[in-house]
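Novice: Pasting upload_1.cif below, which is mmCIF, C-alpha atoms.
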data_target
#
loop_
_atom_site.label_atom_id
_atom_site.label_comp_id
_atom_site.auth_asym_id
_atom_site.auth_seq_id
_atom_site.Cartn_x
_atom_site.Cartn_y
_atom_site.Cartn_z
CA MET P 11 142.43 76.84 -12.60
CA LEU P 12 143.29 77.94 -16.13
CA ASP P 13 140.47 78.31 -18.55
CA GLU P 14 140.75 75.35 -20.92
CA LYS P 15 139.92 77.35 -24.04
CA LYS P 16 142.64 79.92 -23.44
CA VAL P 17 145.30 77.26 -22.90
CA ALA P 18 144.38 75.39 -26.10
CA VAL P 19 144.49 78.55 -28.22
CA ALA P 20 147.78 79.72 -26.71
CA ARG P 21 149.44 76.40 -27.45
CA ASP P 22 148.21 76.13 -31.03
CA THR P 23 149.15 79.62 -32.17
CA LYS P 24 152.52 80.00 -33.87
CA PRO P 25 154.04 83.46 -34.50
CA GLY P 26 152.90 84.84 -37.81
CA MET P 27 150.07 82.31 -38.28
CA PRO P 28 146.45 83.43 -38.18
CA GLU P 29 144.30 82.11 -35.33
CA GLU P 30 142.06 79.86 -37.40
CA ARG P 31 141.41 77.10 -34.93
CA LYS P 32 138.64 77.65 -32.48
CA PRO P 33 137.98 75.45 -29.45
CA ALA P 34 135.24 72.88 -30.11
CA ALA P 35 131.78 74.11 -29.26
CA PRO P 36 130.08 72.14 -26.47
CA GLN P 37 127.45 70.76 -28.89
CA ASP P 38 130.14 69.04 -30.94
CA ARG P 39 131.14 66.86 -28.03
CA LYS P 40 127.74 65.25 -27.44
CA PRO P 41 127.36 61.74 -28.83
CA MET P 42 124.71 61.09 -31.49
CA THR P 43 122.76 58.63 -29.40
CA ARG P 44 122.83 57.58 -25.82
CA THR P 45 122.63 54.02 -24.59
CA ALA P 46 119.78 53.67 -22.14
CA VAL P 47 120.55 51.06 -19.51
CA ILE P 48 117.34 50.24 -17.70
CA ILE P 49 117.40 48.67 -14.26
CA LEU P 50 114.69 46.10 -14.89
CA TRP P 51 114.87 44.39 -11.52
CA ASP P 52 117.37 43.71 -8.74
CA GLY P 53 120.44 42.46 -10.49
CA VAL P 54 118.91 42.61 -13.98
CA LEU P 55 119.69 45.29 -16.54
CA LEU P 56 117.86 45.84 -19.82
CA VAL P 57 119.53 47.56 -22.75
CA PRO P 58 117.40 48.22 -25.84
CA MET P 59 119.60 48.69 -28.88
CA TYR P 60 118.21 50.70 -31.79
CA GLY P 61 119.19 51.63 -35.31
CA VAL P 62 122.63 51.27 -36.77
CA ILE P 63 125.27 49.69 -34.59
CA ASP P 64 128.60 50.99 -35.81
CA THR P 65 131.94 50.82 -34.01
CA LYS P 66 131.45 54.14 -32.24
CA ARG P 67 127.96 53.28 -31.09
CA ALA P 68 129.02 49.82 -29.94
CA GLN P 69 131.97 51.26 -28.03
CA GLU P 70 129.75 53.81 -26.30
CA ALA P 71 127.20 51.15 -25.47
CA MET P 72 129.84 48.83 -24.04
CA GLU P 73 131.37 51.53 -21.83
CA THR P 74 127.98 52.58 -20.52
CA ILE P 75 126.86 49.03 -19.84
CA LEU P 76 130.07 48.05 -18.05
CA GLN P 77 129.88 51.15 -15.84
CA ARG P 78 126.28 50.36 -14.94
CA ILE P 79 127.21 46.78 -14.06
CA LEU P 80 129.87 48.14 -11.74
CA GLN P 81 127.47 50.63 -10.17
CA THR P 82 124.53 48.27 -9.71
CA GLY P 83 126.27 44.93 -9.26
CA ALA P 84 123.92 43.46 -11.85
CA ARG P 85 124.46 39.79 -12.65
CA THR P 86 122.46 39.65 -15.85
CA VAL P 87 122.14 42.06 -18.74
CA ILE P 88 119.50 41.70 -21.43
CA LEU P 89 120.62 43.17 -24.72
CA ASP P 90 117.54 43.63 -26.87
CA ILE P 91 118.24 43.93 -30.58
CA LEU P 92 114.69 44.05 -31.91
CA GLY P 93 115.24 47.63 -33.02
CA VAL P 94 118.58 47.04 -34.68
CA ALA P 95 118.43 47.89 -38.37
CA SER P 96 120.44 44.98 -39.73
CA VAL P 97 122.79 42.39 -38.33
CA ASP P 98 125.82 41.60 -40.42
CA THR P 99 129.14 40.14 -39.28
CA GLY P 100 130.30 43.57 -38.15
CA VAL P 101 127.26 44.17 -35.95
CA ALA P 102 127.35 40.57 -34.72
CA ASN P 103 130.97 40.97 -33.66
CA HIS P 104 130.19 44.22 -31.82
CA LEU P 105 127.43 42.45 -29.91
CA ILE P 106 129.66 39.47 -29.15
CA LYS P 107 132.29 41.83 -27.75
CA ILE P 108 129.74 43.44 -25.44
CA VAL P 109 128.59 40.04 -24.21
CA LYS P 110 132.16 38.92 -23.55
CA ALA P 111 133.06 42.14 -21.75
CA CYS P 112 130.00 41.73 -19.51
CA ARG P 113 131.24 38.28 -18.62
CA LEU P 114 134.54 39.76 -17.46
CA MET P 115 132.50 41.91 -15.10
CA GLY P 116 130.81 38.83 -13.68
CA SER P 117 127.57 39.36 -15.59
CA THR P 118 125.72 37.08 -17.99
CA CYS P 119 124.48 38.83 -21.09
CA ILE P 120 121.37 37.53 -22.84
CA ILE P 121 120.53 38.70 -26.33
CA SER P 122 116.82 39.02 -27.04
CA GLY P 123 115.04 40.04 -30.22
CA MET P 124 116.49 37.29 -32.36
CA SER P 125 114.65 36.65 -35.59
CA PRO P 126 114.78 33.86 -38.16
CA ALA P 127 116.55 36.26 -40.51
CA ILE P 128 119.28 37.03 -37.97
CA ALA P 129 119.60 33.38 -37.03
CA GLN P 130 120.11 32.50 -40.69
CA THR P 131 122.62 35.31 -41.22
CA VAL P 132 124.65 34.36 -38.16
CA VAL P 133 124.93 30.71 -39.09
CA GLU P 134 125.46 31.22 -42.82
CA LEU P 135 128.15 33.85 -42.28
CA GLY P 136 129.89 31.50 -39.88
CA VAL P 137 129.70 33.82 -36.90
CA ASP P 138 130.63 31.91 -33.79
CA LEU P 139 128.36 32.86 -30.93
CA GLY P 140 129.99 30.27 -28.69
CA ASP P 141 127.87 29.84 -25.60
CA ILE P 142 126.14 33.21 -25.86
CA VAL P 143 122.48 32.84 -24.90
CA THR P 144 119.91 34.26 -27.28
CA ARG P 145 116.11 34.47 -27.23
CA VAL P 146 113.42 35.67 -29.59
CA THR P 147 111.08 37.40 -27.18
CA LEU P 148 111.93 39.79 -24.37
CA ARG P 149 109.58 37.78 -22.20
CA ASP P 150 111.70 34.66 -22.56
CA ALA P 151 114.86 36.62 -21.93
CA ILE P 152 113.40 38.16 -18.77
CA GLN P 153 112.25 34.76 -17.56
CA LEU P 154 115.75 33.40 -18.00
CA ALA P 155 117.37 36.45 -16.42
CA PHE P 156 115.11 36.11 -13.38
CA LYS P 157 115.94 32.44 -13.09
CA LEU P 158 119.66 33.19 -13.21
CA THR P 159 119.36 35.86 -10.53
CA GLY P 160 117.05 33.86 -8.29
CA TRP P 161 113.67 35.41 -8.97
CA GLU P 162 110.43 33.79 -10.06
CA VAL P 163 107.17 35.27 -11.27
CA ARG P 164 103.95 33.79 -9.91
CA GLU P 165 100.38 34.59 -10.72
CA ILE P 166 98.41 35.94 -7.77
CA LYS P 167 95.20 33.97 -7.49
CA GLU P 168 92.59 35.65 -5.30
CA ALA P 169 89.14 34.21 -4.51
CA LYS P 170 87.59 37.63 -4.14
CA ARG P 171 88.70 40.99 -5.34
CA GLU P 172 87.37 44.20 -3.88
CA VAL P 173 86.82 46.72 -6.59
CA LYS P 174 86.49 50.13 -5.04
CA LYS P 175 84.39 52.60 -6.96
CA VAL P 176 85.34 56.22 -6.81
CA GLY P 177 83.68 57.93 -3.88
CA GLU P 178 82.81 54.74 -2.04
CA LYS P 179 84.39 53.80 1.24
CA PRO P 180 86.04 50.34 1.39
CA GLY P 181 83.74 47.63 2.70
CA ALA P 182 80.62 49.53 1.65
CA MET S 25 146.69 36.33 0.94
CA HIS S 26 144.51 34.94 3.66
CA VAL S 27 142.11 32.12 4.26
CA MET S 28 138.46 32.94 4.74
CA GLY S 29 135.68 30.42 5.05
CA GLY S 30 137.81 27.58 3.72
CA CYS S 31 138.85 29.56 0.67
CA LEU S 32 142.07 31.31 -0.21
CA VAL S 33 141.60 35.00 -0.88
CA VAL S 34 144.35 36.69 -2.86
CA PRO S 35 143.90 40.46 -3.01
CA ILE S 36 146.19 42.18 -5.49
CA GLN S 37 146.46 45.85 -4.66
CA VAL S 38 149.52 46.80 -6.72
CA GLU S 39 150.27 46.92 -10.42
CA LEU S 40 151.09 43.44 -11.67
CA THR S 41 154.46 42.77 -13.20
CA ASP S 42 155.36 39.51 -14.92
CA ARG S 43 157.69 38.73 -12.05
CA LEU S 44 155.09 39.42 -9.41
CA MET S 45 152.50 37.34 -11.23
CA SER S 46 154.88 34.39 -11.39
CA GLN S 47 155.49 34.78 -7.67
CA ILE S 48 151.79 34.88 -6.97
CA GLN S 49 151.25 31.76 -9.07
CA ARG S 50 153.85 29.88 -7.09
CA ASP S 51 152.49 31.07 -3.76
CA ILE S 52 148.93 30.13 -4.63
CA LEU S 53 149.85 26.63 -5.77
CA ASP S 54 152.07 26.05 -2.71
CA ASN S 55 149.32 27.25 -0.43
CA VAL S 56 146.67 25.07 -2.06
CA ALA S 57 148.83 21.98 -1.95
CA ARG S 58 149.86 22.65 1.64
CA THR S 59 146.57 23.71 3.21
CA GLY S 60 144.06 21.95 0.98
CA VAL S 61 141.78 24.97 0.58
CA LYS S 62 138.74 24.19 -1.52
CA GLY S 63 138.53 27.39 -3.52
CA ILE S 64 140.46 30.49 -4.49
CA ILE S 65 139.43 34.07 -5.04
CA VAL S 66 141.86 36.32 -6.87
CA ASP S 67 140.76 39.92 -6.48
CA VAL S 68 142.25 42.31 -9.01
CA SER S 69 140.30 45.41 -8.02
CA GLY S 70 143.56 47.20 -7.29
CA VAL S 71 144.98 46.50 -10.73
CA ASN S 72 144.74 49.23 -13.37
CA ILE S 73 146.70 47.58 -16.16
CA LEU S 74 146.18 44.00 -17.26
CA ASP S 75 147.59 42.81 -20.56
CA SER S 76 146.98 39.53 -22.32
CA PHE S 77 150.19 38.00 -20.98
CA LEU S 78 149.16 38.60 -17.37
CA GLY S 79 145.65 37.50 -18.22
CA GLN S 80 147.03 34.26 -19.60
CA LYS S 81 149.08 33.77 -16.43
CA ILE S 82 145.92 34.17 -14.36
CA CYS S 83 144.13 31.63 -16.55
CA ASP S 84 147.02 29.19 -16.22
CA THR S 85 147.07 29.64 -12.45
CA ALA S 86 143.35 28.93 -12.30
CA ARG S 87 143.75 25.75 -14.32
CA MET S 88 146.71 24.62 -12.23
CA ALA S 89 144.79 25.25 -9.03
CA SER S 90 141.85 23.25 -10.41
CA LEU S 91 144.17 20.31 -10.91
CA LEU S 92 145.00 20.65 -7.23
CA GLY S 93 141.31 20.55 -6.39
CA ALA S 94 140.56 24.25 -5.95
CA PRO S 95 138.43 26.18 -8.45
CA THR S 96 139.38 29.82 -8.90
CA VAL S 97 137.17 32.88 -9.19
CA VAL S 98 138.64 36.15 -10.43
CA THR S 99 136.93 39.24 -9.06
CA GLY S 100 137.15 42.99 -9.38
CA ILE S 101 138.02 43.42 -13.04
CA LYS S 102 137.57 47.12 -13.86
CA PRO S 103 135.33 48.12 -16.82
CA ALA S 104 138.24 49.65 -18.75
CA ILE S 105 140.27 46.48 -18.32
CA ALA S 106 137.36 44.29 -19.36
CA ALA S 107 136.98 46.34 -22.53
CA SER S 108 140.73 46.23 -23.27
CA LEU S 109 140.98 42.48 -22.77
CA ILE S 110 138.08 41.84 -25.13
CA ASP S 111 139.64 44.17 -27.70
CA LEU S 112 142.81 42.09 -27.48
CA GLY S 113 140.70 39.01 -28.09
CA PHE S 114 141.37 37.67 -24.64
CA GLN S 115 138.48 36.16 -22.70
CA LEU S 116 139.89 34.50 -19.58
CA LYS S 117 138.42 31.19 -20.72
CA GLY S 118 138.00 28.47 -18.16
CA VAL S 119 138.04 30.94 -15.30
CA GLU S 120 135.01 31.82 -13.22
CA ILE S 121 134.46 35.53 -12.84
CA ALA S 122 132.51 37.60 -10.36
CA LEU S 123 132.11 41.31 -9.75
CA SER S 124 133.17 41.38 -6.12
CA VAL S 125 134.79 39.16 -3.49
CA GLU S 126 131.36 38.64 -1.94
CA GLU S 127 129.95 37.47 -5.27
CA GLY S 128 133.04 35.33 -5.65
CA PHE S 129 132.20 33.49 -2.45
CA ARG S 130 128.63 32.91 -3.63
CA LYS S 131 129.95 31.52 -6.88
CA LEU S 132 132.37 29.19 -5.15
CA GLN S 133 129.58 27.97 -2.89
CA ARG S 134 127.54 27.14 -5.98
CA LEU S 135 130.48 25.37 -7.60
CA LEU S 136 131.49 23.32 -4.60
CA THR S 137 129.36 20.67 -2.93
CA PRO S 138 127.99 21.84 0.46
CA GLU S 139 130.19 19.49 2.48
CA GLU S 140 133.38 20.94 1.09
CA VAL S 141 132.68 24.50 2.17
CA GLU S 142 132.85 25.33 5.90
CA GLU S 143 130.24 28.03 5.78
CA SER S 144 126.95 27.09 4.18
CA GLY S 145 124.30 29.63 3.37
CA GLU S 146 124.14 32.80 1.31
CA GLU S 147 126.24 35.15 3.43
CA ALA S 148 129.93 35.56 2.86
CA PRO S 149 132.07 34.57 5.86
CA LYS S 150 132.68 37.29 8.41
CA GLU S 151 136.02 39.00 8.90
CA GLU S 152 136.64 37.19 12.20
CA ASP S 153 137.43 34.04 10.27
CA VAL S 154 140.44 35.61 8.65
CA GLU S 155 143.83 34.15 9.45
CA GLU S 156 146.71 36.15 8.04
CA THR S 157 149.03 33.55 6.59
CA GLU S 158 151.21 35.80 4.45
CA GLU S 159 151.91 39.45 3.78
CA GLY S 160 149.73 41.29 1.35
CA TYR S 161 151.06 41.64 -2.18
CA GLY S 162 151.89 45.30 -1.60
CA GLN S 163 155.06 44.19 0.13
CA TYR S 164 156.34 42.02 -2.68
CA GLU S 165 158.39 44.72 -4.38
CA GLY S 166 162.07 44.24 -3.73
CA ARG S 167 161.73 40.69 -2.48
CA GLY S 168 164.57 39.09 -4.36
CA LYS S 169 165.23 35.80 -2.62
CA ASP S 170 163.32 33.80 -5.22
CA ASN S 171 164.65 34.41 -8.68
CA PRO S 172 161.89 33.71 -11.17
CA ASP S 173 162.88 31.94 -14.36
CA LEU S 174 161.56 34.48 -16.83
#
In structure tokens, write the structure found in this file.

Specialist:
Amino acid sequence: MLDEKKVAVARDTKPGMPEERKPAAPQDRKPMTRTAVIILWDGVLLVPMYGVIDTKRAQEAMETILQRILQTGARTVILDILGVASVDTGVANHLIKIVKACRLMGSTCIISGMSPAIAQTVVELGVDLGDIVTRVTLRDAIQLAFKLTGWEVREIKEAKREVKKVGEKPGA
Amino acid sequence: MHVMGGCLVVPIQVELTDRLMSQIQRDILDNVARTGVKGIIVDVSGVNILDSFLGQKICDTARMASLLGAPTVVTGIKPAIAASLIDLGFQLKGVEIALSVEEGFRKLQRLLTPEEVEESGEEAPKEEDVEETEEGYGQYEGRGKDNPDL
């Protein structure tokens, strides 16, 4: 196998021209941020989005999410935007694209972290969310995601609870 | 394509051409009308390139099949294709989508009333139920007897 660096330099060098171009250092290839796709439960993914969502970030997020859906077979994805700096039409369209792409992978995407401000912006700017599901709290989004994937959360009600103190044997 | 659990399964394992897609559309509709299957699964997990024209053809086929009484689920869309389709502004509207053939069956079972589907329950039908009614779509290259009007 040829060393990649040597091949690149050999191709770029013309006779008489100084070798000014150097192969990109490994650090230059790392993305600025990484999208964390959390496996919340069987069939449910959680993706917290933070900071500025530009085209590059949105693209990276979408690729990562779609790959994870393929790997895990998840049927719902919760996209949490509580940490997103600001939502304008550009950001809204990036998010819409992610939701639509998830649908093409057989997954329903729920957006959580909606705020009155975002709701106002979306409607006033005429952004069409179509039938994209949105929620304010993560709790509500999780509840819906569980319902869609066939899970329910129940409170465990016990008459007695044995509290074991350190050093004591059970039943003592 | 073959029939499994009362549903028509159409696996596409070769690159789709316009001609091939038209052929598939015709075959699906003929099959549905002839056999009265209650659902269709079109699996595109073998397809690496899907443009908006082919996507539209798939949508149209799904709608046509619905008119014949058989809802369609498309399965196996690759991540790169999903991203490309969305970039092109194409959403496969009106078509049900699932990740895998197995998920496709579950979706069809949810869409159809229990009496219409032979197998009830969560599991996908077993392979023993398969009846090979036609050749797989890998053998469609070079079949020239039907001239598509393209």

Novice: At a cut-off of 10 Å from (138.9, 41.0, -25.4) in the coordinates of the file, what residues are picked up using only C-alpha atoms, written as a PyMOL selection string?

Specialist: (chain P and resi 107-108+110-111+114) or (chain S and resi 76+105-116)

Novice: Compile the residues of chain P that lie within 10 Å of chain S, evaluated using only C-alpha atoms, and express the compilation as an MDAnalysis selection string.

Specialist: chainID P and resid 69 72:80 83:85 106:117

Novice: Mind working out the centre and edge lengths of an axis-aligned box for segment 74-84 of chain S, all listed atoms inside, 4 Å added to each side, rounded to one decimal in Å and written as lines of an AutoDock Vina configuration file?

Specialist:
center_x = 147.2
center_y = 36.6
center_z = -18.3
size_x = 14.1
size_y = 22.8
size_z = 16.0

Novice: Hey, can you check how far atom CA of Asp141 of chain P sits from atom CA of Ala155 of chain P?

Specialist: 15.4 Å

Novice: Any idea what's packed within 9 Å of Thr82 of chain P, counting all atoms listed in the file, ignoring anything in its chain fewer than 5 positions away? Could you give it as a list in words?

Specialist: Ile49, Asp52, Gly53, Leu55 and Gln77 of chain P

Novice: If the PyMOL selection byres ((chain P and resi 148) around 10) is run on the structure shown, which residues does it catch, given as a PyMOL selection string?

Specialist: chain P and resi 56+88-92+120-124+145-147+149-154

Novice: Provide the atom CA of Thr59 of chain S to atom CA of Gln133 of chain S distance in Å, to one decimal place.

Specialist: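 Rounded to one decimal, the two atoms are 18.5 Å apart.
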
Novice: If I take atom CA of Glu39 of chain S and atom CA of Asn72 of chain S, how far is one from the other in Å, to one decimal?

Specialist: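 Taking atom CA of Glu39 of chain S as the start and atom CA of Asn72 of chain S as the end point, the length is 6.7 Å.
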
Novice: Running the PyMOL selection byres ((chain P and resi 99) around 12) on this model by hand, what would come out? Give it as a list in words.

Specialist: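 On this input, the PyMOL selection byres ((chain P and resi 99) around 12) captures Ile63, Asp64, Ser96, Val97, Asp98, Gly100, Val101, Ala102, Asn103, His104, Leu105, Ile106, Ile128, Ala129, Gln130, Thr131, Val132, Val133, Glu134, Leu135, Gly136, Val137, Asp138 and Leu139 of chain P.
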
Novice: Go through P:Gly160, P:Val54, P:Gln81, P:Lys167 and flag the residue nearest Cys119 of chain P, using only C-alpha atoms for the distances.

Specialist: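 Closest candidate: P:Val54.
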
Novice: Tell me which of P:Val62, P:Ala71, P:Ile142, P:Thr118 sits closest to Thr159 of chain P, counting all atoms listed in the file.

Specialist: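 For Thr159 of chain P, the nearest of the candidates is P:Thr118.
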
Novice: So that I can check the surroundings of segment 55-58 of chain S, please list as a PyMOL selection string every protein, DNA and RNA residue that reaches within 9 Å of it, counting all atoms listed in the file and ignoring chain neighbours fewer than 6 positions away.

Specialist: chain S and resi 32+64+89+92-94
